[in-house]
$ cat model02.txt   # compact mmCIF, N, CA and C atoms
# COMPACT_ATOMS: atom_id res chain seq x y z
N MET G 1 -19.60 -119.55 -69.29
CA MET G 1 -18.91 -118.86 -70.37
C MET G 1 -19.39 -117.42 -70.43
N THR G 2 -18.46 -116.52 -70.66
CA THR G 2 -18.84 -115.13 -70.87
C THR G 2 -18.92 -114.86 -72.37
N HIS G 3 -19.73 -113.91 -72.73
CA HIS G 3 -19.97 -113.65 -74.15
C HIS G 3 -19.48 -112.29 -74.60
N GLY G 4 -18.75 -111.61 -73.74
CA GLY G 4 -18.26 -110.28 -74.07
C GLY G 4 -16.74 -110.24 -74.11
N LYS G 5 -16.16 -110.07 -72.94
CA LYS G 5 -14.71 -109.89 -72.85
C LYS G 5 -13.93 -111.09 -73.39
N ALA G 6 -14.37 -112.29 -73.06
CA ALA G 6 -13.65 -113.49 -73.52
C ALA G 6 -13.66 -113.59 -75.04
N VAL G 7 -14.77 -113.25 -75.66
CA VAL G 7 -14.86 -113.29 -77.12
C VAL G 7 -13.91 -112.27 -77.72
N LEU G 8 -13.91 -111.05 -77.18
CA LEU G 8 -13.01 -110.02 -77.71
C LEU G 8 -11.55 -110.41 -77.51
N ASP G 9 -11.23 -110.99 -76.36
CA ASP G 9 -9.86 -111.43 -76.09
C ASP G 9 -9.43 -112.52 -77.07
N GLU G 10 -10.35 -113.41 -77.40
CA GLU G 10 -10.04 -114.49 -78.34
C GLU G 10 -9.81 -113.95 -79.75
N LEU G 11 -10.62 -112.98 -80.15
CA LEU G 11 -10.56 -112.47 -81.52
C LEU G 11 -9.42 -111.48 -81.75
N SER G 12 -8.99 -110.80 -80.71
CA SER G 12 -8.00 -109.73 -80.86
C SER G 12 -6.73 -110.16 -81.59
N PRO G 13 -6.06 -111.25 -81.18
CA PRO G 13 -4.85 -111.63 -81.91
C PRO G 13 -5.13 -112.09 -83.34
N LEU G 14 -6.31 -112.65 -83.56
CA LEU G 14 -6.66 -113.08 -84.91
C LEU G 14 -6.84 -111.86 -85.82
N HIS G 15 -7.49 -110.83 -85.30
CA HIS G 15 -7.64 -109.58 -86.07
C HIS G 15 -6.29 -108.96 -86.36
N ARG G 16 -5.40 -108.93 -85.36
CA ARG G 16 -4.08 -108.32 -85.58
C ARG G 16 -3.33 -109.05 -86.70
N ALA G 17 -3.38 -110.36 -86.71
CA ALA G 17 -2.67 -111.13 -87.74
C ALA G 17 -3.24 -110.85 -89.12
N LEU G 18 -4.56 -110.85 -89.23
CA LEU G 18 -5.17 -110.59 -90.54
C LEU G 18 -4.97 -109.14 -90.96
N ARG G 19 -5.01 -108.20 -90.01
CA ARG G 19 -4.79 -106.78 -90.31
C ARG G 19 -3.40 -106.57 -90.92
N ARG G 20 -2.41 -107.32 -90.42
CA ARG G 20 -1.06 -107.22 -90.99
C ARG G 20 -1.04 -107.73 -92.43
N ALA G 21 -1.86 -108.73 -92.73
CA ALA G 21 -1.89 -109.31 -94.08
C ALA G 21 -2.65 -108.44 -95.07
N VAL G 22 -3.72 -107.77 -94.60
CA VAL G 22 -4.55 -106.96 -95.51
C VAL G 22 -4.84 -105.59 -94.88
N PRO G 23 -3.81 -104.78 -94.68
CA PRO G 23 -4.01 -103.51 -93.98
C PRO G 23 -4.95 -102.55 -94.69
N ASP G 24 -4.93 -102.53 -96.01
CA ASP G 24 -5.80 -101.61 -96.74
C ASP G 24 -7.27 -101.98 -96.57
N VAL G 25 -7.57 -103.26 -96.50
CA VAL G 25 -8.94 -103.71 -96.30
C VAL G 25 -9.43 -103.27 -94.93
N TYR G 26 -8.59 -103.46 -93.91
CA TYR G 26 -8.96 -103.02 -92.56
C TYR G 26 -9.10 -101.50 -92.49
N ALA G 27 -8.23 -100.79 -93.20
CA ALA G 27 -8.33 -99.32 -93.20
C ALA G 27 -9.65 -98.89 -93.84
N GLY G 28 -10.03 -99.53 -94.92
CA GLY G 28 -11.30 -99.20 -95.58
C GLY G 28 -12.49 -99.51 -94.69
N PHE G 29 -12.43 -100.64 -94.00
CA PHE G 29 -13.51 -100.99 -93.08
C PHE G 29 -13.57 -99.99 -91.93
N GLY G 30 -12.41 -99.55 -91.46
CA GLY G 30 -12.36 -98.56 -90.39
C GLY G 30 -13.02 -97.25 -90.81
N GLU G 31 -12.79 -96.83 -92.03
CA GLU G 31 -13.42 -95.61 -92.54
C GLU G 31 -14.94 -95.78 -92.62
N LEU G 32 -15.38 -96.91 -93.10
CA LEU G 32 -16.82 -97.19 -93.16
C LEU G 32 -17.42 -97.18 -91.76
N HIS G 33 -16.74 -97.78 -90.81
CA HIS G 33 -17.20 -97.82 -89.42
C HIS G 33 -17.33 -96.40 -88.87
N ARG G 34 -16.30 -95.58 -89.07
CA ARG G 34 -16.35 -94.20 -88.57
C ARG G 34 -17.51 -93.42 -89.19
N ALA G 35 -17.73 -93.60 -90.47
CA ALA G 35 -18.83 -92.90 -91.15
C ALA G 35 -20.19 -93.38 -90.65
N ALA G 36 -20.34 -94.69 -90.49
CA ALA G 36 -21.63 -95.24 -90.06
C ALA G 36 -21.98 -94.82 -88.63
N PHE G 37 -20.98 -94.66 -87.78
CA PHE G 37 -21.23 -94.34 -86.38
C PHE G 37 -21.04 -92.86 -86.04
N ALA G 38 -20.87 -92.04 -87.05
CA ALA G 38 -20.76 -90.60 -86.81
C ALA G 38 -22.11 -90.08 -86.30
N ASP G 39 -22.04 -89.09 -85.41
CA ASP G 39 -23.29 -88.48 -84.93
C ASP G 39 -24.08 -87.93 -86.10
N GLY G 40 -25.36 -88.12 -86.05
CA GLY G 40 -26.26 -87.62 -87.06
C GLY G 40 -27.65 -87.55 -86.46
N ALA G 41 -28.66 -87.89 -87.23
CA ALA G 41 -30.02 -87.92 -86.70
C ALA G 41 -30.14 -88.95 -85.58
N LEU G 42 -29.35 -90.02 -85.67
CA LEU G 42 -29.27 -91.01 -84.59
C LEU G 42 -27.96 -90.81 -83.86
N ASP G 43 -28.01 -90.87 -82.54
CA ASP G 43 -26.77 -90.75 -81.77
C ASP G 43 -26.03 -92.09 -81.76
N VAL G 44 -24.79 -92.07 -81.32
CA VAL G 44 -23.96 -93.26 -81.32
C VAL G 44 -24.57 -94.36 -80.45
N ARG G 45 -25.15 -94.01 -79.31
CA ARG G 45 -25.77 -95.00 -78.43
C ARG G 45 -26.83 -95.80 -79.19
N THR G 46 -27.69 -95.09 -79.88
CA THR G 46 -28.76 -95.75 -80.63
C THR G 46 -28.19 -96.62 -81.75
N LYS G 47 -27.21 -96.10 -82.45
CA LYS G 47 -26.60 -96.88 -83.54
C LYS G 47 -25.94 -98.14 -83.01
N GLU G 48 -25.30 -98.06 -81.84
CA GLU G 48 -24.67 -99.25 -81.28
C GLU G 48 -25.71 -100.28 -80.84
N LEU G 49 -26.85 -99.81 -80.33
CA LEU G 49 -27.92 -100.74 -79.97
C LEU G 49 -28.48 -101.43 -81.22
N VAL G 50 -28.60 -100.69 -82.32
CA VAL G 50 -29.03 -101.29 -83.59
C VAL G 50 -28.02 -102.34 -84.03
N ALA G 51 -26.74 -102.00 -83.95
CA ALA G 51 -25.69 -102.94 -84.35
C ALA G 51 -25.70 -104.18 -83.45
N LEU G 52 -25.92 -103.98 -82.16
CA LEU G 52 -26.03 -105.12 -81.24
C LEU G 52 -27.17 -106.03 -81.66
N ALA G 53 -28.32 -105.45 -81.98
CA ALA G 53 -29.47 -106.24 -82.42
C ALA G 53 -29.18 -106.98 -83.72
N ILE G 54 -28.50 -106.33 -84.64
CA ILE G 54 -28.13 -107.00 -85.89
C ILE G 54 -27.17 -108.15 -85.62
N GLY G 55 -26.25 -107.96 -84.67
CA GLY G 55 -25.35 -109.04 -84.29
C GLY G 55 -26.11 -110.25 -83.78
N VAL G 56 -27.19 -110.01 -83.03
CA VAL G 56 -28.03 -111.11 -82.55
C VAL G 56 -28.68 -111.83 -83.73
N VAL G 57 -29.26 -111.07 -84.64
CA VAL G 57 -29.95 -111.66 -85.79
C VAL G 57 -28.97 -112.45 -86.67
N GLU G 58 -27.76 -111.93 -86.80
CA GLU G 58 -26.75 -112.61 -87.62
C GLU G 58 -26.08 -113.77 -86.88
N GLY G 59 -26.27 -113.84 -85.56
CA GLY G 59 -25.63 -114.89 -84.78
C GLY G 59 -24.12 -114.74 -84.73
N CYS G 60 -23.65 -113.49 -84.70
CA CYS G 60 -22.22 -113.19 -84.74
C CYS G 60 -21.72 -112.83 -83.34
N ASP G 61 -21.06 -113.77 -82.67
CA ASP G 61 -20.60 -113.53 -81.31
C ASP G 61 -19.60 -112.39 -81.23
N GLY G 62 -18.74 -112.24 -82.22
CA GLY G 62 -17.80 -111.13 -82.23
C GLY G 62 -18.51 -109.79 -82.37
N CYS G 63 -19.53 -109.74 -83.23
CA CYS G 63 -20.32 -108.52 -83.40
C CYS G 63 -21.06 -108.20 -82.10
N ILE G 64 -21.63 -109.21 -81.49
CA ILE G 64 -22.35 -109.03 -80.24
C ILE G 64 -21.42 -108.45 -79.19
N ALA G 65 -20.26 -109.06 -79.01
CA ALA G 65 -19.32 -108.60 -77.98
C ALA G 65 -18.85 -107.17 -78.26
N SER G 66 -18.49 -106.91 -79.49
CA SER G 66 -17.96 -105.59 -79.85
C SER G 66 -19.01 -104.50 -79.67
N HIS G 67 -20.22 -104.74 -80.14
CA HIS G 67 -21.25 -103.71 -80.06
C HIS G 67 -21.89 -103.64 -78.69
N ALA G 68 -21.84 -104.72 -77.92
CA ALA G 68 -22.27 -104.64 -76.52
C ALA G 68 -21.35 -103.71 -75.75
N GLN G 69 -20.05 -103.89 -75.95
CA GLN G 69 -19.08 -103.02 -75.29
C GLN G 69 -19.25 -101.57 -75.75
N ALA G 70 -19.39 -101.36 -77.05
CA ALA G 70 -19.51 -100.00 -77.57
C ALA G 70 -20.82 -99.34 -77.12
N ALA G 71 -21.91 -100.11 -77.05
CA ALA G 71 -23.18 -99.54 -76.59
C ALA G 71 -23.08 -99.13 -75.12
N ALA G 72 -22.45 -99.97 -74.32
CA ALA G 72 -22.26 -99.63 -72.90
C ALA G 72 -21.40 -98.38 -72.76
N ARG G 73 -20.33 -98.30 -73.53
CA ARG G 73 -19.46 -97.13 -73.50
C ARG G 73 -20.17 -95.87 -73.96
N ALA G 74 -21.13 -96.06 -74.86
CA ALA G 74 -21.89 -94.91 -75.38
C ALA G 74 -23.01 -94.48 -74.44
N GLY G 75 -23.16 -95.20 -73.32
CA GLY G 75 -24.13 -94.80 -72.31
C GLY G 75 -25.45 -95.54 -72.33
N ALA G 76 -25.55 -96.61 -73.11
CA ALA G 76 -26.79 -97.39 -73.13
C ALA G 76 -26.98 -98.08 -71.77
N THR G 77 -28.22 -98.21 -71.37
CA THR G 77 -28.55 -98.89 -70.12
C THR G 77 -28.84 -100.37 -70.38
N ARG G 78 -28.85 -101.14 -69.32
CA ARG G 78 -29.20 -102.56 -69.44
C ARG G 78 -30.62 -102.71 -69.99
N GLN G 79 -31.53 -101.84 -69.57
CA GLN G 79 -32.91 -101.94 -70.04
C GLN G 79 -33.00 -101.62 -71.53
N GLU G 80 -32.25 -100.62 -71.97
CA GLU G 80 -32.25 -100.29 -73.41
C GLU G 80 -31.70 -101.46 -74.21
N ALA G 81 -30.62 -102.08 -73.73
CA ALA G 81 -30.06 -103.24 -74.43
C ALA G 81 -31.07 -104.39 -74.45
N ALA G 82 -31.71 -104.64 -73.32
CA ALA G 82 -32.70 -105.73 -73.25
C ALA G 82 -33.83 -105.49 -74.24
N GLU G 83 -34.31 -104.26 -74.33
CA GLU G 83 -35.42 -103.98 -75.24
C GLU G 83 -34.99 -104.06 -76.70
N ALA G 84 -33.79 -103.62 -77.02
CA ALA G 84 -33.29 -103.76 -78.40
C ALA G 84 -33.17 -105.23 -78.76
N ILE G 85 -32.66 -106.02 -77.83
CA ILE G 85 -32.53 -107.46 -78.06
C ILE G 85 -33.92 -108.10 -78.16
N GLY G 86 -34.87 -107.62 -77.36
CA GLY G 86 -36.23 -108.14 -77.41
C GLY G 86 -36.87 -108.00 -78.79
N VAL G 87 -36.56 -106.92 -79.48
CA VAL G 87 -37.11 -106.72 -80.83
C VAL G 87 -36.62 -107.82 -81.77
N THR G 88 -35.40 -108.33 -81.53
CA THR G 88 -34.88 -109.38 -82.40
C THR G 88 -35.69 -110.66 -82.31
N PHE G 89 -36.33 -110.90 -81.15
CA PHE G 89 -37.17 -112.09 -81.03
C PHE G 89 -38.32 -112.02 -82.03
N LEU G 90 -38.92 -110.85 -82.15
CA LEU G 90 -40.01 -110.65 -83.11
C LEU G 90 -39.50 -110.81 -84.54
N MET G 91 -38.38 -110.18 -84.83
CA MET G 91 -37.90 -110.11 -86.20
C MET G 91 -37.16 -111.36 -86.68
N HIS G 92 -36.64 -112.16 -85.72
CA HIS G 92 -35.82 -113.31 -86.12
C HIS G 92 -36.25 -114.63 -85.47
N GLY G 93 -37.19 -114.58 -84.55
CA GLY G 93 -37.74 -115.79 -83.97
C GLY G 93 -36.78 -116.57 -83.08
N GLY G 94 -36.90 -117.88 -83.14
CA GLY G 94 -36.17 -118.78 -82.26
C GLY G 94 -34.67 -118.56 -82.18
N PRO G 95 -33.96 -118.41 -83.30
CA PRO G 95 -32.52 -118.19 -83.20
C PRO G 95 -32.15 -116.97 -82.35
N ALA G 96 -32.98 -115.96 -82.38
CA ALA G 96 -32.71 -114.77 -81.56
C ALA G 96 -32.85 -115.07 -80.08
N THR G 97 -33.67 -116.07 -79.74
CA THR G 97 -33.80 -116.42 -78.32
C THR G 97 -32.56 -117.14 -77.81
N ILE G 98 -31.69 -117.56 -78.71
CA ILE G 98 -30.41 -118.15 -78.32
C ILE G 98 -29.33 -117.09 -78.24
N HIS G 99 -29.20 -116.30 -79.29
CA HIS G 99 -28.15 -115.27 -79.33
C HIS G 99 -28.53 -114.05 -78.51
N GLY G 100 -29.81 -113.80 -78.30
CA GLY G 100 -30.24 -112.66 -77.49
C GLY G 100 -29.73 -112.72 -76.05
N PRO G 101 -29.92 -113.84 -75.35
CA PRO G 101 -29.37 -113.92 -74.01
C PRO G 101 -27.84 -113.79 -73.97
N ARG G 102 -27.17 -114.30 -74.99
CA ARG G 102 -25.72 -114.13 -75.06
C ARG G 102 -25.37 -112.65 -75.20
N ALA G 103 -26.14 -111.95 -76.01
CA ALA G 103 -25.90 -110.51 -76.20
C ALA G 103 -26.14 -109.75 -74.90
N TYR G 104 -27.18 -110.10 -74.18
CA TYR G 104 -27.47 -109.41 -72.92
C TYR G 104 -26.37 -109.70 -71.90
N ASP G 105 -25.90 -110.93 -71.85
CA ASP G 105 -24.79 -111.28 -70.97
C ASP G 105 -23.55 -110.47 -71.33
N ALA G 106 -23.26 -110.36 -72.61
CA ALA G 106 -22.11 -109.58 -73.06
C ALA G 106 -22.28 -108.12 -72.65
N PHE G 107 -23.45 -107.56 -72.89
CA PHE G 107 -23.69 -106.16 -72.52
C PHE G 107 -23.49 -105.96 -71.03
N CYS G 108 -24.02 -106.85 -70.24
CA CYS G 108 -23.93 -106.71 -68.78
C CYS G 108 -22.49 -106.80 -68.29
N GLU G 109 -21.61 -107.46 -69.04
CA GLU G 109 -20.20 -107.48 -68.66
C GLU G 109 -19.58 -106.09 -68.73
N PHE G 110 -20.09 -105.26 -69.61
CA PHE G 110 -19.51 -103.94 -69.84
C PHE G 110 -20.28 -102.80 -69.18
N ALA G 111 -21.52 -103.05 -68.77
CA ALA G 111 -22.36 -101.99 -68.22
C ALA G 111 -22.49 -102.13 -66.72
N PRO G 112 -22.57 -101.00 -66.03
CA PRO G 112 -22.82 -101.08 -64.58
C PRO G 112 -24.23 -101.60 -64.33
N GLU G 113 -24.49 -102.03 -63.09
CA GLU G 113 -25.81 -102.60 -62.78
C GLU G 113 -26.93 -101.61 -62.91
N ASP G 114 -26.73 -100.39 -62.51
CA ASP G 114 -27.81 -99.39 -62.57
C ASP G 114 -27.35 -98.21 -63.40
N GLY G 115 -28.20 -97.79 -64.32
CA GLY G 115 -27.91 -96.60 -65.11
C GLY G 115 -26.97 -96.90 -66.26
N PRO G 116 -26.65 -95.87 -67.03
CA PRO G 116 -25.79 -96.04 -68.18
C PRO G 116 -24.34 -96.26 -67.76
N ALA G 117 -23.61 -96.89 -68.63
CA ALA G 117 -22.18 -97.08 -68.41
C ALA G 117 -21.48 -95.73 -68.57
N PRO G 118 -20.38 -95.53 -67.87
CA PRO G 118 -19.65 -94.28 -68.05
C PRO G 118 -19.08 -94.21 -69.46
N THR G 119 -19.08 -93.05 -70.04
CA THR G 119 -18.54 -92.89 -71.39
C THR G 119 -17.02 -92.81 -71.30
N THR G 120 -16.36 -93.38 -72.30
CA THR G 120 -14.91 -93.31 -72.37
C THR G 120 -14.52 -92.76 -73.72
N PRO G 121 -13.43 -92.06 -73.78
CA PRO G 121 -12.99 -91.50 -75.07
C PRO G 121 -12.55 -92.54 -76.04
$ encode --input "model02.txt" --output "C-alpha cells"
Amino acid sequence: MTHGKAVLDELSPLHRALRRAVPDVYAGFGELHRAAFADGALDVRTKELVALAIGVVEGCDGCIASHAQAAARAGATRQEAAEAIGVTFLMHGGPATIHGPRAYDAFCEFAPEDGPAPTTP
C-alpha cells in the first residue's frame, strides 16, 4: 500500500463533494491555510515539515499525504523528513512508530531519491 498518492486520490472526490455542500467553510479554511503557510520567520519547507510531523502525531493519513507532498514540493529532503518524523517518536511514542513510517513512505513517493524535490508553482 502507498501512503501518499493513493490516499490523496481517494480523498479528492470526497473533498470535492463536501466542498460543493459547504463552500464557505472550505473558503475559510483555504484562507487560514494560506495565512499559516505564508513566508515569515519560518519558510514554507519548514512549516510543511512541522505539519507533516503533526499529521503523524494525529494519525491523519490525509494530513500525512498532503503535507508530505507539499514538503517535497517545497524542497525538503528525505533526510529532513526522516528527522522531522523522528522527533514524533519522542513526542508521541509508540503510535508515532506506526504513522511515522507511513509518513516517510508518503514523502518518498513525492521526493526524488537524492536531494530536495524540485519546486513547483
$ residues_around --input "model02.txt" --residues "segment 47-54 of chain G" --least-positions-apart "2" --cutoff "8 Å" --atoms "only C-alpha atoms" --output "PDB file with N, CA and C atoms, in the coordinates of the input"
ATOM      1  N   PHE G  37     -20.980 -94.660 -87.780  1.00  0.00           N
ATOM      2  CA  PHE G  37     -21.230 -94.340 -86.380  1.00  0.00           C
ATOM      3  C   PHE G  37     -21.040 -92.860 -86.040  1.00  0.00           C
ATOM      4  N   LEU G  42     -29.350 -90.020 -85.670  1.00  0.00           N
ATOM      5  CA  LEU G  42     -29.270 -91.010 -84.590  1.00  0.00           C
ATOM      6  C   LEU G  42     -27.960 -90.810 -83.860  1.00  0.00           C
ATOM      7  N   ASP G  43     -28.010 -90.870 -82.540  1.00  0.00           N
ATOM      8  CA  ASP G  43     -26.770 -90.750 -81.770  1.00  0.00           C
ATOM      9  C   ASP G  43     -26.030 -92.090 -81.760  1.00  0.00           C
ATOM     10  N   VAL G  44     -24.790 -92.070 -81.320  1.00  0.00           N
ATOM     11  CA  VAL G  44     -23.960 -93.260 -81.320  1.00  0.00           C
ATOM     12  C   VAL G  44     -24.570 -94.360 -80.450  1.00  0.00           C
ATOM     13  N   ARG G  45     -25.150 -94.010 -79.310  1.00  0.00           N
ATOM     14  CA  ARG G  45     -25.770 -95.000 -78.430  1.00  0.00           C
ATOM     15  C   ARG G  45     -26.830 -95.800 -79.190  1.00  0.00           C
ATOM     16  N   VAL G  56     -27.190-110.010 -83.030  1.00  0.00           N
ATOM     17  CA  VAL G  56     -28.030-111.110 -82.550  1.00  0.00           C
ATOM     18  C   VAL G  56     -28.680-111.830 -83.730  1.00  0.00           C
ATOM     19  N   VAL G  57     -29.260-111.070 -84.640  1.00  0.00           N
ATOM     20  CA  VAL G  57     -29.950-111.660 -85.790  1.00  0.00           C
ATOM     21  C   VAL G  57     -28.970-112.450 -86.670  1.00  0.00           C
ATOM     22  N   GLU G  58     -27.760-111.930 -86.800  1.00  0.00           N
ATOM     23  CA  GLU G  58     -26.750-112.610 -87.620  1.00  0.00           C
ATOM     24  C   GLU G  58     -26.080-113.770 -86.880  1.00  0.00           C
ATOM     25  N   CYS G  63     -19.530-109.740 -83.230  1.00  0.00           N
ATOM     26  CA  CYS G  63     -20.320-108.520 -83.400  1.00  0.00           C
ATOM     27  C   CYS G  63     -21.060-108.200 -82.100  1.00  0.00           C
ATOM     28  N   ILE G  64     -21.630-109.210 -81.490  1.00  0.00           N
ATOM     29  CA  ILE G  64     -22.350-109.030 -80.240  1.00  0.00           C
ATOM     30  C   ILE G  64     -21.420-108.450 -79.190  1.00  0.00           C
ATOM     31  N   HIS G  67     -20.220-104.740 -80.140  1.00  0.00           N
ATOM     32  CA  HIS G  67     -21.250-103.710 -80.060  1.00  0.00           C
ATOM     33  C   HIS G  67     -21.890-103.640 -78.690  1.00  0.00           C
ATOM     34  N   ALA G  68     -21.840-104.720 -77.920  1.00  0.00           N
ATOM     35  CA  ALA G  68     -22.270-104.640 -76.520  1.00  0.00           C
ATOM     36  C   ALA G  68     -21.350-103.710 -75.750  1.00  0.00           C
ATOM     37  N   ALA G  70     -19.390-101.360 -77.050  1.00  0.00           N
ATOM     38  CA  ALA G  70     -19.510-100.000 -77.570  1.00  0.00           C
ATOM     39  C   ALA G  70     -20.820 -99.340 -77.120  1.00  0.00           C
ATOM     40  N   ALA G  71     -21.910-100.110 -77.050  1.00  0.00           N
ATOM     41  CA  ALA G  71     -23.180 -99.540 -76.590  1.00  0.00           C
ATOM     42  C   ALA G  71     -23.080 -99.130 -75.120  1.00  0.00           C
ATOM     43  N   ALA G  74     -21.130 -96.060 -74.860  1.00  0.00           N
ATOM     44  CA  ALA G  74     -21.890 -94.910 -75.380  1.00  0.00           C
ATOM     45  C   ALA G  74     -23.010 -94.480 -74.440  1.00  0.00           C
ATOM     46  N   ALA G  76     -25.550 -96.610 -73.110  1.00  0.00           N
ATOM     47  CA  ALA G  76     -26.790 -97.390 -73.130  1.00  0.00           C
ATOM     48  C   ALA G  76     -26.980 -98.080 -71.770  1.00  0.00           C
ATOM     49  N   GLU G  80     -32.250-100.620 -71.970  1.00  0.00           N
ATOM     50  CA  GLU G  80     -32.250-100.290 -73.410  1.00  0.00           C
ATOM     51  C   GLU G  80     -31.700-101.460 -74.210  1.00  0.00           C
ATOM     52  N   ALA G  81     -30.620-102.080 -73.730  1.00  0.00           N
ATOM     53  CA  ALA G  81     -30.060-103.240 -74.430  1.00  0.00           C
ATOM     54  C   ALA G  81     -31.070-104.390 -74.450  1.00  0.00           C
ATOM     55  N   ALA G  84     -33.790-103.620 -77.020  1.00  0.00           N
ATOM     56  CA  ALA G  84     -33.290-103.760 -78.400  1.00  0.00           C
ATOM     57  C   ALA G  84     -33.170-105.230 -78.760  1.00  0.00           C
ATOM     58  N   ILE G  85     -32.660-106.020 -77.830  1.00  0.00           N
ATOM     59  CA  ILE G  85     -32.530-107.460 -78.060  1.00  0.00           C
ATOM     60  C   ILE G  85     -33.920-108.100 -78.160  1.00  0.00           C
ATOM     61  N   VAL G  87     -36.560-106.920 -79.480  1.00  0.00           N
ATOM     62  CA  VAL G  87     -37.110-106.720 -80.830  1.00  0.00           C
ATOM     63  C   VAL G  87     -36.620-107.820 -81.770  1.00  0.00           C
ATOM     64  N   THR G  88     -35.400-108.330 -81.530  1.00  0.00           N
ATOM     65  CA  THR G  88     -34.880-109.380 -82.400  1.00  0.00           C
ATOM     66  C   THR G  88     -35.690-110.660 -82.310  1.00  0.00           C
ATOM     67  N   ALA G 103     -26.140-111.950 -76.010  1.00  0.00           N
ATOM     68  CA  ALA G 103     -25.900-110.510 -76.200  1.00  0.00           C
ATOM     69  C   ALA G 103     -26.140-109.750 -74.900  1.00  0.00           C
TER      70      ALA G 103
END
$ closest_residue --input "model02.txt" --among "G:Thr77, G:Ala36, G:Ala21, G:Gly28" --to "Phe107 of chain G" --atoms "only N, CA and C atoms"
G:Thr77
$ axis_aligned_box --input "model02.txt" --around "segment 8-19 of chain G" --padding-each-side "6 Å" --output "AutoDock Vina command-line options"
--center_x -8.3 --center_y -110.5 --center_z -83.5 --size_x 23.2 --size_y 19.9 --size_z 26.9
$ atom_distance --input "model02.txt" --atom1 "atom N of Glu83 of chain G" --atom2 "atom C of Ala65 of chain G"
16.2 Å
$ select_by_dssp --input "model02.txt" --residues "segment 3-88 of chain G" --states "alpha helix (DSSP H)" --output "PyMOL selection string"
chain G and resi 5-21+23-36+44-58+61-73+78-88
$ closest_residue --input "model02.txt" --among "G:Ala38, G:Ala72, G:Pro23, G:Gly59" --to "Gly94 of chain G" --atoms "only C-alpha atoms"
G:Gly59
$ atom_distance --input "model02.txt" --atom1 "atom N of Ala35 of chain G" --atom2 "atom CA of Pro101 of chain G"
28.6 Å
$ atom_distance --input "model02.txt" --atom1 "atom CA of Val7 of chain G" --atom2 "atom N of Asp24 of chain G"
23.9 Å
